[in-house]
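Undergrad: Okay, here's the structure, questions in a sec.
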Amino acid sequence: MRLDPARDDAAPALVITAAATRGVLPEEVRQLIVDDPTTAAVLETLDGHDLSDSDRPRALASSHPAYVIYTSGSTGRPKGVVVPHKGVVNRLAWMGEVYRLRPEDRVVQKTPFGFDISVWEFFWPLTEGATVVVARPGGHRDPEYLAGLVQRERVTVAHFVPSMLQMFIAERTARDCTSLRTVVCSGEALPAVLRDRFHAVLPIPLHNLYGPTEASIEVTAFTCEPGRDTGDVVPMGRPVWNTRTYVLDAGLRPVPAGVTGELHLAGAQLARGYLGRPGLTAERFVASPFGGPGERMYRTGDLVRWNSGGELEFMGRADDQVKLRGFRIELGEIETALRSHPGVGQAAVLVREDRPGDKRLVAYLVPAADARVDIAALRTQLAGELPEHMVPSAIVPLDVLPLTVHGKLDRKALPAPKHSTDPAGRGPSNMREVILCEIFADVLGLPTVGVDDNFFELGGHSLLATRLTGQVRTRLGFDVPLRASFGTPTVAGLNDSLTEGPRPARREEALARILPIRTRGSRRPVFCIHPATGVSWGFSPPAASIPVDYPLYGVQAQGLTGTEELPRSIREMAADYVQQIRTVQPTGPYQLLGYSLGGAVAQEMAFQLQEAGDAVGAVVIMDSCPAERIPALFGLDALALNAQDGVLPAEWEQFILRDEEKAFNLRVLENSSAILRTHIPRAYEGDVLLIVAAAGKVDGSKPAEAWAPYVTGEVREESLPCSHEEMTQPEMLTLVGELTAEWLNAGR
C-alpha cells in the first residue's frame, strides 16, 4: 500500500483515528481512537484551555513543523514536505486580509486532508469566526452533490481545481448557487475558456492562485473579474505577503519580461525541506543570491514569464512532473509501479490531451520476453499500489517504444489510445444492467455501452469514475467504493459486485417519493408515474432515447417504507403527487408519463393541475385505460393487471431485499389496484399520447376510444408488439422513449 512507506517515513509517535479505520495500521503503531468511550471519558477530565509552552517539552517556535504532507516521488517513494507554522500563518493572514471573510460566511471543506488546500479550508474560517461546512467523503468529485450542498448550506466560499470546476459549472443546477461570492481556483493551470464559461454561469470574481506544496499552499494570486478579458492565458498573478518570486535562467540570472525562465520562490512560506531526504532538499532548496546570509530559494521546476502587466504566466514544466486534476504527479512513480509487474519489460507514462481540456494519464508498455500481460489484472494491481488519480486511464501495449534518432523516448510518436465499444458485445440481461449501461454511456459520452466493455478502455479516468459511482448511488441506491470501479470496470463486473457486496446504503434515496432518474437538462422535466408496484426504477431505459436535455424524475408511492398511510382514492393519490412534483418544478407547464395504474394517475394529475391554473405540456399514458373498460379491453380485472397471484415482478426483487419492505410493497400494490377499480376519471383539456401493448388485448378493442370521454383533445394511439407485462422489457421501453421524445419535441 502507498500508506506504508509514508507511515514508515514519518514514524508517527501517535496516530489519531477512529474505530472504523483502526485496522488500517499495524497493531504496534500507537493509536488514539477518538470515538472510543474510554478516550471520551479521559478527554472530559482534561483542561479545555489553550495549550501553552508549559504544556510542551519545549517552547513553540514559528519555524517548528506544523505538518508533514506527502507528494509523489519520481522513484516510486513519496516524499514528505515539512511545513513550518510561520508559512501557514502568513498564508492565512494574507487570505483573511485580501478576501475579507466575515462571521456570516460559510466555507465548504471538501478537499481531502492529504492535499494541502485542505489546510486553509479547515483553519481559515475558524481563525475568522466563520462557519466550516464539511462535505461528505468523496463529495469533492461529485458536481451534482456539490451544487446541492452549496445551495442547501448557503455556502459563500469554495475552492475548485480547474478540472473539477469545469465539471461543476456544467452541472445544470450550478447557476442556482447564488450564495457563492468567492470562488478560488488552484492546483493546475486555469484555461481562459474555463474562466469565461465560469463567468457565464456565475458572474462573480474567480481567484486564480498558484503554489507548490513546498511553499505553504499558494504563493501568487490573480483575480479574474467578469467582463475583463485577460487574453488566452490566465495569469498566475503576483506574490502574496512576505513572498518573493524570481524568474531565472540556468545560471540563476533574472530574465527580462516576456522571456521564459524557471520560477524560484523565497520568503516566509518556504518549507523546511523534505523529511529525511537531505540530498533532495539540497537539490531543490538552494542558496539565494538575492537575499541575506543563509536565505534559500525553492526551485519549482515550473517555467513562467513576466507579462507586460507585471504578472506571472505559466508556460509548462522543466521536467516530467505534471499537475493533473489538482495533484502533482511524478510520472516516474507510475512507471516504477508498472515495471514491478513481472510481465512488463519497459514502460512509459505521459499526459495526453487528445480532446481540448480533457487531460488523461496514458501508460505504454512493452511486455517482457515471452510474457503476456493481462491488462485488467495490471490495472487492478496499480489500483492497489497507487492513489486513484495516478492510475492511468488507458494502458496501451506496444511491441517497442518509439525512439528518437538520439535514442531517447519519442513521446510524440506514442499513439493515442483507441476507445471503442464492441459492436458484437453482449447487451444487458436485466433491469439493473440496463441502468448501469446507461450510466456508463452517459458518463463516457457514448451512445451505447455493452455489459462487457471496459470503462477505462473506453476513455474513463479517476474523475469520471467518481461521477460513475455518484450516479450508481443516486439511481440504484448503492454506495460503491471508488476503488471498486478499478477492480470491476465493466457493467457485468460492477453488477456482480453490487449483488455480492454491500446492499444499498441509502435506502431513503431508493424509496424516496421523488426518484432522480436524470437530473441534468435545460428543458422542463418529465415526471414518470409508477405502476401498481409503487416504484419507478423501471423508467430508466426510456431515458436512453429521450433527449438528454429533458430531466427525468420518478414519482413513487406512499407507504413503501411503512411510515405513511395509503391513499384512499386515485384522486387523493394524484393530489399528493402534484404536491411532490412541485418540489422539483414549482410552476408549469408539466410533463407526465404514466404506466398501467400510473397512466390513470397521470391523467388525473393533469386534470388537477389544470384545475389549479397550471399548464400541462404533455401527457403520455402507457397501456392504461379507465377502470370500467379494463374487462372489455383486456379480458382481465384491474387487480390481475398488476398483482399476479400477489407476486412482485422479478426486477424489483434485486432492489427491495428486506422482508418488511417486500411486505410494504405488496400492501402498496394491493391498495393501488383496489382504488383503481373505483376511480372515475374527469375530463382533461388537452392531447394525450397513448402507447398500448398490442398482444393480450381483446380482438377488436379500441383503447383510444376508452379515453375519448376523458380527453377533450386528440388521443393519439401507438401500438407496440408486446403484452402488458412485456412493456417493461428494455427493448420495449426504449421504443416508449422514442415515441415520448417525438411527442415532446412536437411541442405538446
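By order of appearance in the C-alpha cells: chains A, B, ..., then residues from 1 within every chain, and ligands from 1 in the order shown.
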Leaving out A:Thr260 and any residue of its chain fewer than 5 positions from it, which residues lie within 10 Å of it when counting only C-alpha atoms, given as a list in words?

TA: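 Listing them by chain and then by number gives Val247, Leu248, Asp249, Val255, Asp302, Leu303, Val304, Arg305, Trp306, Glu313, Phe314, Met315 and Gly316 of chain A.
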
Undergrad: If you run DSSP over the backbone, which residues in stretch 194-231 of chain A end up alpha helix (DSSP H)? Put them as an MDAnalysis selection string.

TA: chainID A and resid 194:201

Undergrad: Mind checking which residues fall within 9 Å of stretch 137-148 of chain A, counting only C-alpha atoms, ignoring those fewer than 4 positions away in the same chain, and posting them as a ChimeraX atom specification?

TA: /A:109-112,152-153,160,164-165,167-177,463-464,466-467,470,482,519-520

Undergrad: Could you write out that same residue set with C-alpha atoms as a PDB file, in the first residue's frame?

TA:
ATOM      1  CA  GLN A 109     -14.342  21.966   3.368  1.00  0.00           C
ATOM      2  CA  LYS A 110     -14.251  19.341   0.629  1.00  0.00           C
ATOM      3  CA  THR A 111     -10.571  18.741  -0.147  1.00  0.00           C
ATOM      4  CA  PRO A 112      -9.068  15.502   1.272  1.00  0.00           C
ATOM      5  CA  ARG A 152     -28.678  23.761   0.851  1.00  0.00           C
ATOM      6  CA  GLU A 153     -25.997  25.098   3.230  1.00  0.00           C
ATOM      7  CA  PHE A 160     -12.007  24.017  -7.073  1.00  0.00           C
ATOM      8  CA  MET A 164     -13.395  19.915 -11.231  1.00  0.00           C
ATOM      9  CA  LEU A 165     -14.550  23.495 -11.810  1.00  0.00           C
ATOM     10  CA  MET A 167     -17.482  19.689 -14.300  1.00  0.00           C
ATOM     11  CA  PHE A 168     -19.165  21.844 -11.651  1.00  0.00           C
ATOM     12  CA  ILE A 169     -20.257  24.646 -13.989  1.00  0.00           C
ATOM     13  CA  ALA A 170     -21.502  22.035 -16.475  1.00  0.00           C
ATOM     14  CA  GLU A 171     -23.901  20.837 -13.767  1.00  0.00           C
ATOM     15  CA  ARG A 172     -27.401  22.113 -14.549  1.00  0.00           C
ATOM     16  CA  THR A 173     -28.001  23.467 -11.054  1.00  0.00           C
ATOM     17  CA  ALA A 174     -24.640  25.277 -10.716  1.00  0.00           C
ATOM     18  CA  ARG A 175     -26.176  28.569 -11.854  1.00  0.00           C
ATOM     19  CA  ASP A 176     -28.507  28.353  -8.848  1.00  0.00           C
ATOM     20  CA  CYS A 177     -25.529  28.542  -6.453  1.00  0.00           C
ATOM     21  CA  LEU A 463     -12.556  11.807 -12.122  1.00  0.00           C
ATOM     22  CA  LEU A 464     -15.103  10.181 -14.430  1.00  0.00           C
ATOM     23  CA  THR A 466     -16.243   9.378  -9.362  1.00  0.00           C
ATOM     24  CA  ARG A 467     -19.144  10.556 -11.496  1.00  0.00           C
ATOM     25  CA  GLY A 470     -22.144   9.013  -7.863  1.00  0.00           C
ATOM     26  CA  LEU A 482     -14.273   4.388  -5.932  1.00  0.00           C
ATOM     27  CA  THR A 519     -31.297  15.451 -13.206  1.00  0.00           C
ATOM     28  CA  ARG A 520     -29.417  17.270 -15.963  1.00  0.00           C
TER      29      ARG A 520
END

Undergrad: Please compute the atom CA of A:Leu494-atom CA of A:Glu438 distance, one decimal, in Å.

TA: 13.3 Å
